[in-house]
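Colleague: This one is work20.cif, mmCIF, C-alpha atoms.
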```cif
data_query
#
loop_
_atom_site.label_atom_id
_atom_site.label_comp_id
_atom_site.auth_asym_id
_atom_site.auth_seq_id
_atom_site.Cartn_x
_atom_site.Cartn_y
_atom_site.Cartn_z
CA MET A 1 -32.83 -17.76 -16.20
CA GLU A 2 -29.61 -16.06 -17.28
CA ASN A 3 -26.61 -18.36 -17.09
CA GLN A 4 -23.95 -15.73 -16.35
CA LEU A 5 -23.63 -13.93 -13.03
CA THR A 6 -21.56 -11.01 -14.38
CA ASP A 7 -21.62 -8.62 -17.34
CA ARG A 8 -19.14 -6.76 -19.55
CA GLU A 9 -19.42 -3.51 -17.59
CA LEU A 10 -18.48 -5.27 -14.36
CA TRP A 11 -15.28 -6.62 -15.93
CA LYS A 12 -14.45 -3.24 -17.49
CA THR A 13 -14.60 -1.67 -14.03
CA TYR A 14 -12.65 -4.57 -12.54
CA TRP A 15 -9.72 -4.23 -14.95
CA GLU A 16 -9.68 -0.45 -14.62
CA ASN A 17 -8.95 -0.93 -10.91
CA TYR A 18 -6.69 -3.98 -11.24
CA GLN A 19 -3.15 -3.68 -9.93
CA PHE A 20 -0.92 -5.50 -12.40
CA THR A 21 1.90 -7.70 -11.14
CA PRO A 22 4.67 -9.48 -13.09
CA ILE A 23 4.02 -12.97 -14.44
CA GLN A 24 4.61 -15.47 -11.64
CA GLU A 25 7.46 -17.93 -11.95
CA ASN A 26 5.70 -20.52 -9.81
CA PRO A 27 1.92 -20.19 -10.34
CA VAL A 28 -0.49 -22.45 -8.51
CA TYR A 29 -1.19 -24.47 -11.67
CA LYS A 30 2.46 -25.13 -12.62
CA LYS A 31 2.67 -28.68 -11.31
CA TYR A 32 -0.50 -29.72 -13.16
CA ILE A 33 0.71 -28.81 -16.65
CA ARG A 34 1.44 -31.88 -18.78
CA PRO A 35 4.54 -31.86 -21.02
CA VAL A 36 3.80 -30.73 -24.58
CA ALA A 37 5.84 -29.78 -27.63
CA SER A 38 6.81 -26.12 -27.97
CA THR A 39 4.54 -25.99 -31.03
CA ALA A 40 1.46 -26.93 -28.99
CA ARG A 41 -1.49 -24.55 -29.11
CA PHE A 42 -2.82 -22.95 -25.91
CA ILE A 43 -5.99 -20.95 -25.28
CA GLU A 44 -7.23 -19.39 -22.06
CA VAL A 45 -10.95 -18.81 -21.69
CA GLY A 46 -11.59 -15.52 -19.92
CA GLY A 47 -7.89 -14.80 -20.28
CA PHE A 48 -7.62 -11.00 -20.35
CA PRO A 49 -5.15 -9.31 -19.66
CA GLY A 50 -2.85 -12.19 -20.66
CA LEU A 51 -0.75 -12.94 -17.59
CA ASN A 52 -1.42 -16.68 -17.79
CA ALA A 53 -0.98 -16.78 -21.57
CA GLY A 54 2.32 -14.99 -20.97
CA TYR A 55 3.41 -17.66 -18.50
CA PHE A 56 2.61 -20.44 -20.95
CA TYR A 57 4.52 -18.63 -23.70
CA LYS A 58 7.61 -18.27 -21.53
CA HIS A 59 7.58 -21.76 -20.03
CA VAL A 60 5.37 -24.19 -21.97
CA CYS A 61 4.56 -23.45 -25.63
CA ARG A 62 4.84 -20.61 -28.12
CA ASP A 63 1.36 -20.44 -29.63
CA VAL A 64 -0.81 -18.69 -27.04
CA THR A 65 -4.26 -17.14 -27.34
CA LEU A 66 -6.76 -15.64 -24.92
CA LEU A 67 -10.50 -15.46 -25.41
CA ASP A 68 -12.54 -12.90 -23.48
CA PHE A 69 -15.59 -10.73 -24.00
CA TYR A 70 -13.65 -7.73 -22.73
CA VAL A 71 -10.28 -7.09 -24.40
CA GLU A 72 -8.20 -3.92 -24.40
CA PRO A 73 -5.21 -4.55 -26.74
CA SER A 74 -3.08 -1.78 -25.21
CA VAL A 75 -3.22 -3.56 -21.84
CA ILE A 76 -2.06 -6.85 -23.41
CA ARG A 77 0.84 -5.01 -25.07
CA LYS A 78 1.71 -3.57 -21.65
CA VAL A 79 1.77 -7.08 -20.15
CA GLU A 80 4.12 -8.17 -22.96
CA ARG A 81 6.49 -5.21 -22.45
CA GLN A 82 6.61 -5.59 -18.67
CA ASN A 83 7.43 -9.29 -18.98
CA ARG A 84 9.87 -9.11 -21.92
CA ILE A 85 7.58 -10.94 -24.30
CA PRO A 86 7.77 -9.97 -28.00
CA GLU A 87 5.01 -7.58 -29.03
CA ASN A 88 1.86 -9.18 -30.46
CA THR A 89 2.87 -12.63 -29.18
CA ILE A 90 -0.28 -13.00 -27.08
CA LYS A 91 -3.15 -13.35 -29.53
CA ALA A 92 -6.56 -12.15 -28.38
CA ILE A 93 -10.10 -13.00 -29.43
CA GLU A 94 -12.82 -10.67 -28.16
CA ALA A 95 -16.04 -12.68 -28.17
CA ASP A 96 -18.82 -14.05 -26.02
CA PHE A 97 -17.63 -17.53 -25.06
CA PHE A 98 -21.18 -18.89 -25.30
CA LYS A 99 -21.59 -17.68 -28.87
CA PHE A 100 -18.03 -18.34 -30.00
CA GLN A 101 -17.56 -20.84 -32.82
CA SER A 102 -14.03 -22.04 -33.55
CA GLN A 103 -12.61 -24.18 -36.34
CA ALA A 104 -9.35 -24.40 -34.38
CA HIS A 105 -8.68 -26.90 -31.61
CA TYR A 106 -6.09 -26.53 -28.88
CA ASP A 107 -3.67 -28.82 -27.06
CA ILE A 108 -4.28 -26.99 -23.79
CA VAL A 109 -7.57 -25.33 -22.87
CA PHE A 110 -7.17 -23.37 -19.67
CA SER A 111 -9.21 -21.09 -17.44
CA LEU A 112 -8.69 -19.59 -14.02
CA GLY A 113 -11.50 -17.95 -12.10
CA PHE A 114 -14.04 -18.34 -14.91
CA ILE A 115 -16.47 -21.25 -14.61
CA GLU A 116 -17.73 -20.19 -11.16
CA HIS A 117 -19.35 -17.08 -12.67
CA PHE A 118 -22.04 -19.18 -14.40
CA ARG A 119 -24.99 -21.13 -13.08
CA ASP A 120 -24.73 -24.11 -15.44
CA THR A 121 -21.34 -25.59 -14.55
CA ARG A 122 -21.65 -28.62 -16.82
CA ASP A 123 -22.43 -26.47 -19.83
CA VAL A 124 -19.45 -24.15 -19.34
CA ILE A 125 -17.03 -27.07 -18.84
CA SER A 126 -18.48 -28.80 -21.91
CA ARG A 127 -17.72 -25.69 -23.99
CA HIS A 128 -14.10 -25.82 -22.79
CA VAL A 129 -13.93 -29.44 -23.93
CA ASP A 130 -15.29 -28.50 -27.36
CA LEU A 131 -12.15 -26.39 -27.91
CA LEU A 132 -9.80 -29.28 -27.10
CA ALA A 133 -7.87 -31.24 -29.70
CA ASP A 134 -7.94 -35.01 -29.29
CA GLY A 135 -5.40 -35.89 -26.61
CA GLY A 136 -5.33 -32.33 -25.30
CA GLN A 137 -5.40 -31.25 -21.66
CA LEU A 138 -8.25 -29.45 -19.93
CA LEU A 139 -6.86 -27.39 -17.04
CA ILE A 140 -9.31 -25.33 -14.97
CA LEU A 141 -8.80 -23.56 -11.68
CA LEU A 142 -11.53 -21.94 -9.65
CA PRO A 143 -11.58 -20.36 -6.20
CA ASN A 144 -12.87 -22.31 -3.25
CA LEU A 145 -15.35 -20.02 -1.52
CA ARG A 146 -16.98 -22.75 0.56
CA GLY A 147 -14.46 -22.33 3.37
CA ILE A 148 -12.53 -19.53 5.03
CA ASN A 149 -12.22 -17.55 1.81
CA GLY A 150 -15.98 -17.46 1.47
CA ALA A 151 -16.26 -16.18 5.04
CA VAL A 152 -13.82 -13.38 4.21
CA GLN A 153 -15.86 -12.42 1.13
CA TYR A 154 -19.07 -12.52 3.18
CA LEU A 155 -17.61 -10.16 5.78
CA PHE A 156 -15.89 -7.69 3.47
CA ASP A 157 -17.28 -8.05 -0.07
CA ARG A 158 -20.72 -9.65 -0.33
CA GLU A 159 -21.20 -8.08 -3.74
CA ASN A 160 -18.25 -10.12 -5.02
CA LEU A 161 -19.53 -13.27 -3.33
CA ARG A 162 -22.88 -12.92 -5.11
CA ILE A 163 -21.29 -13.21 -8.56
CA HIS A 164 -19.86 -16.64 -7.72
CA ASN A 165 -21.77 -19.92 -8.02
CA LEU A 166 -20.87 -21.81 -4.85
CA ASP A 167 -22.45 -25.00 -6.23
CA SER A 168 -19.67 -25.09 -8.84
CA MET A 169 -17.08 -25.54 -6.09
CA VAL A 170 -17.76 -29.18 -5.14
CA PRO A 171 -14.90 -31.45 -6.29
CA VAL A 172 -16.94 -34.66 -6.42
CA ARG A 173 -19.50 -32.94 -8.64
CA LEU A 174 -16.80 -31.53 -10.91
CA ALA A 175 -15.22 -34.97 -11.30
CA GLY A 176 -18.63 -36.41 -12.17
CA ILE A 177 -19.10 -33.80 -14.90
CA CYS A 178 -15.71 -34.68 -16.37
CA ARG A 179 -16.65 -38.36 -16.49
CA GLU A 180 -19.99 -37.55 -18.13
CA LEU A 181 -18.12 -35.62 -20.82
CA GLY A 182 -15.94 -38.65 -21.58
CA LEU A 183 -12.68 -37.20 -20.27
CA THR A 184 -9.86 -39.40 -18.98
CA ASP A 185 -7.00 -39.04 -16.49
CA ILE A 186 -9.32 -36.92 -14.37
CA ARG A 187 -7.82 -35.15 -11.38
CA VAL A 188 -9.98 -32.82 -9.26
CA GLU A 189 -8.63 -31.62 -5.94
CA TYR A 190 -8.13 -28.79 -3.50
CA THR A 191 -4.73 -27.24 -3.92
CA ARG A 192 -2.12 -24.87 -2.57
CA LYS A 193 -1.37 -23.62 0.93
CA PRO A 194 -4.12 -21.64 2.66
CA MET A 195 -4.57 -18.09 1.41
CA VAL A 196 -7.29 -15.45 1.59
CA TRP A 197 -7.72 -12.31 -0.50
CA LEU A 198 -9.94 -9.41 -1.42
CA GLU A 199 -10.34 -8.02 -4.92
CA PRO A 200 -8.69 -4.58 -5.29
CA LYS A 201 -11.12 -1.67 -5.14
CA PRO A 202 -10.57 2.04 -4.50
CA GLY A 203 -11.04 3.66 -1.08
CA GLU A 204 -9.27 3.88 2.28
CA LYS A 205 -11.59 1.39 3.99
CA ARG A 206 -10.93 -1.14 1.23
CA ARG A 207 -7.17 -0.71 1.51
CA ALA A 208 -7.36 -1.22 5.28
CA ALA A 209 -9.48 -4.35 4.82
CA CYS A 210 -7.04 -5.69 2.21
CA LEU A 211 -4.13 -5.14 4.61
CA LEU A 212 -5.95 -7.00 7.39
CA VAL A 213 -6.86 -9.90 5.11
CA LYS A 214 -3.28 -10.06 3.77
CA THR A 215 -1.96 -10.32 7.34
CA VAL A 216 -4.40 -13.15 8.10
CA SER A 217 -3.32 -14.87 4.89
CA TYR A 218 0.33 -14.87 5.96
CA GLY A 219 -0.65 -16.50 9.26
CA LEU A 220 -2.68 -19.20 7.55
CA LYS A 221 0.35 -20.33 5.54
CA MET A 222 1.57 -22.06 8.72
CA PHE A 223 -1.22 -24.62 8.21
CA PRO A 224 -0.46 -26.22 4.81
CA ILE A 225 -3.51 -28.47 4.74
CA LYS A 226 -5.47 -29.10 1.54
CA CYS A 227 -9.16 -29.19 2.42
CA ARG A 228 -12.49 -27.49 1.84
CA TRP A 229 -12.07 -25.15 4.80
CA LEU A 230 -8.56 -23.83 4.11
CA SER A 231 -7.61 -24.37 0.46
CA PRO A 232 -8.02 -21.31 -1.77
CA TYR A 233 -8.40 -23.16 -5.09
CA ILE A 234 -9.85 -26.22 -6.76
CA VAL A 235 -8.01 -27.61 -9.78
CA ILE A 236 -9.46 -29.72 -12.58
CA SER A 237 -7.08 -31.56 -14.89
CA ALA A 238 -8.29 -34.04 -17.50
CA ILE A 239 -7.54 -35.36 -20.98
CA LYS A 240 -9.77 -35.55 -24.04
CA GLY A 241 -9.34 -39.03 -25.47
CA THR A 242 -5.81 -40.48 -25.53
CA PRO A 243 -3.04 -38.29 -24.09
CA ILE A 244 -0.61 -36.81 -26.59
CA HIS A 245 2.90 -38.27 -26.35
CA THR A 246 5.58 -35.82 -27.40
CA ALA A 247 9.33 -35.85 -27.68
CA LEU A 248 10.45 -32.69 -25.92
#
```
Would you encode the structure as structure tokens?
Modeller:
Amino acid sequence: MENQLTDRELWKTYWENYQFTPIQENPVYKKYIRPVASTARFIEVGGFPGLNAGYFYKHVCRDVTLLDFYVEPSVIRKVERQNRIPENTIKAIEADFFKFQSQAHYDIVFSLGFIEHFRDTRDVISRHVDLLADGGQLLILLPNLRGINGAVQYLFDRENLRIHNLDSMVPVRLAGICRELGLTDIRVEYTRKPMVWLEPKPGEKRRAACLLVKTVSYGLKMFPIKCRWLSPYIVISAIKGTPIHTAL
């Protein structure tokens, strides 16, 4: 059985329709980032077009790389220009993550919205860990589609729901995988205030649905409860071996 639930053509179409926004100043993962030296090395798995790598460059460390099996360099340069990042700062590796072999190891291995697109959750997390330097931080975020967000996807975008592995979205299981892989300082939890969304796609009906969902999302923010039913994300933070101590 194929491990991945998506293909390169799907992501090409996705990014062709993506509406770019500036790098956030307060992303959902900000409070989970451990202090590191400015010389620390960062890589994002599935990181195109580089918005998260751009955030880490501006606020965390200066050596940032993304790894993706679909990369369009002109789009990364656009992200740099729009966010006042020096040209060619965000390094990119175009490769299949499951065939990628690296001699380099990184102080932060990050992904957002990646591991849930594969059937074998343990395997994909293990491959993240393989990229970590000793003492480095694993930081993974994935959507929680086992609550209200999943219901929204079921009603308005079942095609999108089908490319997500709902079994990957169980915190207790994710924590168990981290322990099996020998990680320490493990933190797995629901996070952020409630929010629902639809992926951008062309068409008047889609725009109307997005507007409706956005309105519902604003209303849900009045209920800042972290739980399976309302939280939009699950965060995994863990350390490989002994945490790095740095003088900042």
Colleague: Compile the contact shell of region 41-47 of chain A as a list in words: residues with an atom at most 9 Å away, counting all atoms listed in the file, same-chain residues fewer than 5 positions apart removed.
Modeller: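 Skipping anything fewer than 5 positions along the chain leaves Asn52, Ala53, Phe56, Tyr57, Cys61, Arg62, Asp63, Val64, Thr65, Leu66, Leu67, Asp68, Phe69, Tyr70, Ala92, Phe97, His105, Tyr106, Asp107, Ile108, Val109, Phe110, Ser111, Leu112, Gly113, Phe114, His128 and Leu131 of chain A.
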Colleague: Considering all atoms listed in the file, state which residue in the set A:Lys240, A:Thr121, A:Leu198, A:Pro22 is at the smallest distance from Gly135 (chain A).
Modeller: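 Of all the options, A:Lys240 lies closest to Gly135 (chain A).
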Colleague: To one decimal in Å, tell me the separation between CA of Trp229 (chain A) and CA of Ile115 (chain A).
Modeller: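 A separation of 20.3 Å between them.
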Colleague: Find, counting only C-alpha atoms, the residue in A:Arg81, A:Lys214, A:Arg119, A:Arg127 that gets nearest to Asn149 (chain A).
Modeller: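 Of the candidates, the smallest distance to Asn149 (chain A) is held by A:Lys214.
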Colleague: I want to know what sits within 10 Å of Glu180 (chain A), based on all atoms listed in the file, with residues of the same chain fewer than 6 positions away left out; could you give that as number ranges by chain?
Modeller: A: 122, 126, 174
Colleague: So, with only C-alpha atoms as the atoms that count, which of A:Phe48, A:Phe223, A:Phe118, A:Tyr233 lies closest to Glu72 (chain A)?
Modeller: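 Ranking A:Phe48, A:Phe223, A:Phe118, A:Tyr233 by distance to Glu72 (chain A), first place goes to A:Phe48.
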Colleague: Identify, on the basis of only C-alpha atoms, every residue whose closest approach to Ile234 (chain A) does not exceed 9 Å; exclude the query and any residue fewer than 3 positions from it along the same chain; express the result as a PyMOL selection string.
Modeller: chain A and resi 140-144+169-171+188-192+231
Colleague: Give the answer as one residue: which of A:Lys31, A:Arg206, A:Lys193, A:Arg162 has the shortest atom-to-atom distance to Arg228 (chain A), using all atoms listed in the file?
Modeller: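 Among the listed residues, A:Lys193 lies closest to Arg228 (chain A).
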Colleague: What does the distance from CA of Glu87 (chain A) to CA of Glu199 (chain A) come to in Å, to one decimal?
Modeller: 28.6 Å
Colleague: Apply the PyMOL selection byres ((chain A and resi 183) around 8) to the displayed file and report the matching residues as a VMD selection string.
Modeller: chain A and resid 178 to 182 184 to 186 238 to 241
Colleague: If you measure from CA of Trp197 (chain A) to CA of Gln153 (chain A), what distance in Å do you get, rounded to one decimal?
Modeller: 8.3 Å
Colleague: Name the residues that the PyMOL selection byres ((chain A and resi 154-161) around 12) pulls out of this structure, and write them as a VMD selection string.
Modeller: chain A and resid 5 to 6 10 to 11 14 116 to 117 143 to 153 162 to 166 196 to 201 205 to 210 212 to 213
Colleague: So, with all atoms listed in the file as the atoms that count, which of A:Asp120, A:Asp96, A:Pro86, A:Leu139 lies closest to Asp167 (chain A)?
Modeller: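 Nearest to Asp167 (chain A): A:Asp120.
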